[in-house]
Every structure is written in C-alpha cells, then in structure tokens.
Amino acid sequence: MVKTFDQPQDITGDNIIGGTIRNFASTGITDQATTPTLTVTDGKITVDTVQANTLQVSTINGNTVIRGDVKIYGIVDAGFVRTTEVIANQRYEKQYLEFALDNEQGTNIGTGLLWPGKPYNKQFVLRNNPDRFFSSESIDIGPGKQFSINNSLVLSLDSLGGSVVNSNLQNLGTLQNLNVSGNVNLSDSVFFDSHTGYLSVGNAQPSKSFSVYSMINDVEIYIDSTADARGRIGTLNNRSLDIITDDQVRVSLEQTGDIILGQEGNAGTTTRVYGKLSVGIKNPQEQFEVAGNMRIGGKLFSQGSTAPTEGHYNQGDIVWNTNPLPSSYVGWICVQSGFPGQWKVFGQISG
C-alpha cells in the first residue's frame with residue numbers, strides 16, 4: 001500500500017537508500033538529466049561537459065591543480081603565466097607571441113622577453129625613438145649562418161655583404177684584395193685623387209702622378225711624365241735636388257740648373273763615363289768633345305787665328321791656330337801673365 005500525504009512532509013536523508021530519484025528538485029539543485037552526467041566519488045567529481053552559459057564561477061580561491069590536457073577555445077586573460085615549455089600547434093596559422101597594444105596608452109613599447117636574475121635582468125624588448133629591439137646580452141648565431149637584410153647578406157663569420165658600402169671603420173687587420181672607388185684619405189697624410197689619378201704623401205691636393213711633400217722644409221719631390229712620353233723626377237717650389245747613397249750626396253741638381261757630381265773636398269769619388277762625352281755639342285762624333293775653350297790643370301786651352309790682344313791670360317795658356325798653313329805655327333803660348341800677356345808661337349808647320 002502506498003501511503004499518501006495530504007500535506008508535504010519532511011523526509012530525512014536517512015530514509016533514502018539506493019534507487020533512482022527522477023525529477024529531483026531543491027532550492028539550490030534541479031535535476032533534469034535523463035542519463036548519468038555527474039559522478040561523485042571520494043575526492044573527485046566527474047562531469048562530461050560543462051557549458052559556459054549554464055556554469056558560472058565568479059571566484060576560485062586558493063591554489064588549483066589540473067592534471068591532464070586542457071583545451072581552451074578563446075582568450076585566456078591572465079595576470080601572470082609561468083610555464084616550463086610552450087608548444088605551438090602547427091595546424092594553426094599564428095605561431096608567435098603577440099604583445100597587444102596597451103588599452104590605456106595604445107602602445108606596446110617596452111614589451112618583450114625578460115629573464116629575472118642577478119646582477120640584472122636579461123632583456124629582449126621593443127624600444128622606440130627609433131623603433132628597435134633591445135637586447136641586454138650578446139647574440140650568438142650558429143656556424144654557417146648570417147645576418148641578412150631583405151634576404152641579402154650583411155654580415156657572416158668572415159664576410160661583409162656586397163651592399164655594405166659606407167663605414168667609419170677605424171682599426172683593421174690585414175687586408176687582401178682591397179678595392180677602393182673614389183678619393184682616398186689615409187690619416188690626413190696619404191691622398192689619392194680618383195679624378196686625376198694623382199697620389200701624394202703630405203699634400204691634400206696632388207698635382208703630379210706621385211709626390212712626397214715635407215711641410216717642415218716646404219719641399220715636394222715628384223715623379224711624373226710629359227706629353228711626349230718622357231719620365232720626370234724632380235722638385236716643385238724652386239727647390240734643389242740631391243741624389244744620395246749611404247746618406248752621402250753623389251749628384252746635386254741646383255735650383256739654378258747647375259749640376260754637381262760628387263762632393264767638394266771628396267777627391268776619392270770616381271766618376272765614370274762609358275760612351276761619348278760632350279760639352280756644348282749635341283751629337284758628338286768622338287769620345288770627348290768640347291764646343292768651346294777648356295782649362296786643364298789651371299791652363300787655358302782656347303783657339304783663334306792670332307795671339308790674344310786683350311783680356312787677362314796666365315803663363316802657360318795656349319791658343320790653337322784655327323787657320324794652320326804651311327810654314328805657319330800650330331799656335332801661341334803665353335810666356336808671361338798679363339793683359340793680354342806675352343805670347344810666343346810654337347810648333348812650326350813645315351812648308
């Protein structure tokens with residue numbers, strides 16, 4: 001017999017053991033399930049599916065541990081995330097960390113990666129003015145790799161890219177196969193003018209093919225050529241030129257045009273001439289030719305048709321007869337110095 005009650009009666013939990021209660025309802029719980037959905041065991045609650053529009057949790061207090069995989073389709077808004085490993089699923093288009101703009105300031109400047117530690121925090125962050133990435137540590141790339149801009153080599157372990165054309169390098173090691181285009185200035189001492197092809201040491205405006213300028217003495221020595229294909233070695237600024245060996249002057253070219261062989265007072269120097277030697281004759285026919293008078297051992301050797309009648313002459317000076325005839329003489333010799341001195345004929349020619 002089923003007992004009926006006219007009015008609701010209290011039933012304690014001790015009076016319900018086993019069995020199934022359908023359409024159960026209480027002030028805080030409504031059960032409309034048609035299949036088992038919630039399972040409660042010691043220390044655990046198992047639910048197949050939780051729908052966000054039916055389950056709302058405002059706050060979870062205390063530490064929470066979740067063991068197993070968690071899938072979230074949407075945005076996770078967390079104040080701090082700490083993980084031992086981040087794995088990006090390659091099936092999704094976005095595989096990167098995104099530092100969104102600050103809602104209040106509209107900027108993500110200052111965001112990046114931070115490794116706390118001592119004596120300072122290691123950083124890789126975005127900075128501005130200009131926009132750039134800042135790294136507090138050195139960046140070490142793997143062997144065989146390179147730094148590139150727009151897929152063009154900029155820097156590798158042993159090479160600069162061909163697009164690197166401007167530099168303020170101050171210290172270099174050993175250079176090989178150096179190509180320079182344009183003017184060159186080495187330490188404000190060596191100058192090359194790419195337009196003229198002139199090279200100078202000490203002169204910022206080279207005027208010859210190659211020159212060396214001493215500012216202290218205001219002397220510039222140059223090597224050049226002429227339009228008729230003749231080489232030139234000389235000085236500028238009306239300066240004399242010495243050719244030396246063993247720090248001794250061997251040949252002097254004076255600014256007046258005088259040429260000095262050897263040094264005064266150094267009689268041990270030997271000057272050798274191989275071939276024809278001439279003085280005042282452009283095309284000598286003999287080994288030695290002189291166009292005018294000459295003096296040997298202090299004695300004058302000149303030529304004329306008569307003995308001198310004016311000028312000063314010394315004893316021993318000789319005048320060679322320019323018009324020798326039979327029964328005449330080879331020349332005249334000064335037997336007493338004076339103006340013009342006393343002259344006697346010598347060397348009679350047979351008649």
# chains A, B, ... in the order shown; residues from 1 in each chain; ligands from 1
>>> residues_around(residues="Ser163 in chain A", least_positions_apart="4", cutoff="9 Å", atoms="only C-alpha atoms", output="NGL selection string")
:A and (152-154)
>>> write_last_selection(atoms="C-alpha atoms", output="short mmCIF file (atom, residue, chain, number, x, y, z; two decimals), in the first residue's frame")
data_model
loop_
_atom_site.label_atom_id
_atom_site.label_comp_id
_atom_site.auth_asym_id
_atom_site.auth_seq_id
_atom_site.Cartn_x
_atom_site.Cartn_y
_atom_site.Cartn_z
CA SER A 152 70.76 39.95 -48.75
CA LEU A 153 73.91 39.09 -46.80
CA VAL A 154 75.04 41.85 -44.44
#
>>> residues_around(residues="range 200-210 of chain A", least_positions_apart="4", cutoff="7 Å", atoms="only C-alpha atoms", output="ChimeraX atom specification")
/A:189-192,214,222-224
>>> select_by_dssp(residues="range 30-245 of chain A", states="strand (DSSP E or B)", output="PyMOL selection string")
chain A and resi 30+38-41+44-47+112-115+122-127+132-135+147-149+152-155+160+184-186+190-193+198-201+210-214+219-225+231-236+241-245
>>> write_last_selection(atoms="C-alpha atoms", output="PDB file, in the first residue's frame")
ATOM      1  CA  THR A  30      17.318  20.990 -10.250  1.00  0.00           C
ATOM      2  CA  LEU A  38      27.609  13.914 -12.774  1.00  0.00           C
ATOM      3  CA  THR A  39      29.511  11.251 -10.836  1.00  0.00           C
ATOM      4  CA  VAL A  40      30.664  11.904  -7.296  1.00  0.00           C
ATOM      5  CA  THR A  41      33.275   9.636  -5.699  1.00  0.00           C
ATOM      6  CA  LYS A  44      36.609  13.572  -7.116  1.00  0.00           C
ATOM      7  CA  ILE A  45      33.726  14.952  -9.220  1.00  0.00           C
ATOM      8  CA  THR A  46      33.483  13.820 -12.834  1.00  0.00           C
ATOM      9  CA  VAL A  47      31.466  15.787 -15.420  1.00  0.00           C
ATOM     10  CA  GLY A 112      59.266  41.656 -24.856  1.00  0.00           C
ATOM     11  CA  LEU A 113      61.083  38.854 -23.083  1.00  0.00           C
ATOM     12  CA  LEU A 114      62.508  39.148 -19.589  1.00  0.00           C
ATOM     13  CA  TRP A 115      64.702  36.721 -17.677  1.00  0.00           C
ATOM     14  CA  LYS A 122      68.251  39.857 -19.033  1.00  0.00           C
ATOM     15  CA  GLN A 123      66.018  41.550 -21.660  1.00  0.00           C
ATOM     16  CA  PHE A 124      64.916  41.386 -25.266  1.00  0.00           C
ATOM     17  CA  VAL A 125      62.350  44.159 -25.577  1.00  0.00           C
ATOM     18  CA  LEU A 126      60.869  46.666 -28.032  1.00  0.00           C
ATOM     19  CA  ARG A 127      62.036  50.275 -27.692  1.00  0.00           C
ATOM     20  CA  ARG A 132      64.069  48.926 -32.419  1.00  0.00           C
ATOM     21  CA  PHE A 133      64.648  45.730 -30.473  1.00  0.00           C
ATOM     22  CA  PHE A 134      66.997  45.999 -27.497  1.00  0.00           C
ATOM     23  CA  SER A 135      68.979  43.064 -26.178  1.00  0.00           C
ATOM     24  CA  PHE A 147      72.753  38.368 -40.691  1.00  0.00           C
ATOM     25  CA  SER A 148      70.675  39.493 -43.668  1.00  0.00           C
ATOM     26  CA  ILE A 149      68.543  42.468 -44.691  1.00  0.00           C
ATOM     27  CA  SER A 152      70.764  39.948 -48.751  1.00  0.00           C
ATOM     28  CA  LEU A 153      73.908  39.085 -46.798  1.00  0.00           C
ATOM     29  CA  VAL A 154      75.037  41.846 -44.445  1.00  0.00           C
ATOM     30  CA  LEU A 155      77.422  40.036 -42.105  1.00  0.00           C
ATOM     31  CA  LEU A 160      80.681  41.715 -45.204  1.00  0.00           C
ATOM     32  CA  VAL A 184      91.252  58.197 -50.597  1.00  0.00           C
ATOM     33  CA  ASN A 185      92.489  59.916 -47.450  1.00  0.00           C
ATOM     34  CA  LEU A 186      94.723  57.904 -45.122  1.00  0.00           C
ATOM     35  CA  VAL A 190      98.259  59.976 -47.934  1.00  0.00           C
ATOM     36  CA  PHE A 191      95.857  61.343 -50.542  1.00  0.00           C
ATOM     37  CA  PHE A 192      94.587  59.910 -53.819  1.00  0.00           C
ATOM     38  CA  ASP A 193      92.567  61.920 -56.343  1.00  0.00           C
ATOM     39  CA  TYR A 198      97.381  61.503 -58.712  1.00  0.00           C
ATOM     40  CA  LEU A 199      98.812  60.163 -55.438  1.00  0.00           C
ATOM     41  CA  SER A 200     100.522  62.301 -52.814  1.00  0.00           C
ATOM     42  CA  VAL A 201     102.073  61.905 -49.400  1.00  0.00           C
ATOM     43  CA  PHE A 210     103.219  60.780 -57.393  1.00  0.00           C
ATOM     44  CA  SER A 211     104.670  63.285 -54.963  1.00  0.00           C
ATOM     45  CA  VAL A 212     106.031  63.473 -51.424  1.00  0.00           C
ATOM     46  CA  TYR A 213     105.737  66.783 -49.585  1.00  0.00           C
ATOM     47  CA  SER A 214     107.663  67.814 -46.467  1.00  0.00           C
ATOM     48  CA  VAL A 219     109.980  70.661 -50.312  1.00  0.00           C
ATOM     49  CA  GLU A 220     107.936  68.473 -52.643  1.00  0.00           C
ATOM     50  CA  ILE A 221     109.548  65.686 -54.690  1.00  0.00           C
ATOM     51  CA  TYR A 222     107.563  64.196 -57.538  1.00  0.00           C
ATOM     52  CA  ILE A 223     107.583  61.505 -60.219  1.00  0.00           C
ATOM     53  CA  ASP A 224     105.650  62.276 -63.368  1.00  0.00           C
ATOM     54  CA  SER A 225     105.727  62.147 -67.180  1.00  0.00           C
ATOM     55  CA  GLY A 231     109.588  60.388 -67.405  1.00  0.00           C
ATOM     56  CA  ARG A 232     110.328  63.153 -64.911  1.00  0.00           C
ATOM     57  CA  ILE A 233     111.786  63.167 -61.396  1.00  0.00           C
ATOM     58  CA  GLY A 234     112.222  66.484 -59.670  1.00  0.00           C
ATOM     59  CA  THR A 235     111.092  69.067 -57.156  1.00  0.00           C
ATOM     60  CA  LEU A 236     108.467  71.761 -57.055  1.00  0.00           C
ATOM     61  CA  LEU A 241     117.501  68.026 -55.571  1.00  0.00           C
ATOM     62  CA  ASP A 242     120.213  65.725 -54.235  1.00  0.00           C
ATOM     63  CA  ILE A 243     120.738  62.099 -55.215  1.00  0.00           C
ATOM     64  CA  ILE A 244     122.397  60.232 -52.369  1.00  0.00           C
ATOM     65  CA  THR A 245     123.785  56.845 -51.402  1.00  0.00           C
TER      66      THR A 245
END
>>> atom_distance(atom1="CA of Gly265 in chain A", atom2="CA of Asp246 in chain A")
17.2 Å
>>> closest_residue(among="A:Ile318, A:Ile17, A:Val164, A:Ala229", to="Gln336 in chain A", atoms="only C-alpha atoms")
A:Ile318
>>> residues_around(residues="range 254-263 of chain A", least_positions_apart="4", cutoff="8 Å", atoms="only C-alpha atoms", output="PyMOL selection string")
chain A and resi 238-241+249-250+269+271
>>> atom_distance(atom1="CA of Ile216 in chain A", atom2="CA of Asp188 in chain A")
15.7 Å
>>> atom_distance(atom1="CA of Ile349 in chain A", atom2="CA of Pro324 in chain A")
7.9 Å
>>> residues_around(residues="Pro340 in chain A", least_positions_apart="4", cutoff="9 Å", atoms="only C-alpha atoms", output="list in words")
Pro308, Thr309, Glu310, Gly311, His312, Tyr313, Asn314 and Cys334 of chain A
>>> residues_around(residues="Ser156 in chain A", least_positions_apart="2", cutoff="6 Å", atoms="only C-alpha atoms", output="PyMOL selection string")
chain A and resi 146+158-159
>>> write_last_selection(atoms="N, CA and C atoms", output="PDB file, in the first residue's frame")
ATOM      1  N   GLN A 146      74.140  33.692 -41.006  1.00  0.00           N
ATOM      2  CA  GLN A 146      74.498  35.058 -41.354  1.00  0.00           C
ATOM      3  C   GLN A 146      73.393  36.013 -40.950  1.00  0.00           C
ATOM      4  N   ASP A 158      82.958  35.608 -41.640  1.00  0.00           N
ATOM      5  CA  ASP A 158      84.187  36.134 -42.234  1.00  0.00           C
ATOM      6  C   ASP A 158      83.951  37.076 -43.407  1.00  0.00           C
ATOM      7  N   SER A 159      82.721  37.563 -43.596  1.00  0.00           N
ATOM      8  CA  SER A 159      82.447  38.382 -44.778  1.00  0.00           C
ATOM      9  C   SER A 159      81.461  39.499 -44.458  1.00  0.00           C
TER      10      SER A 159
END
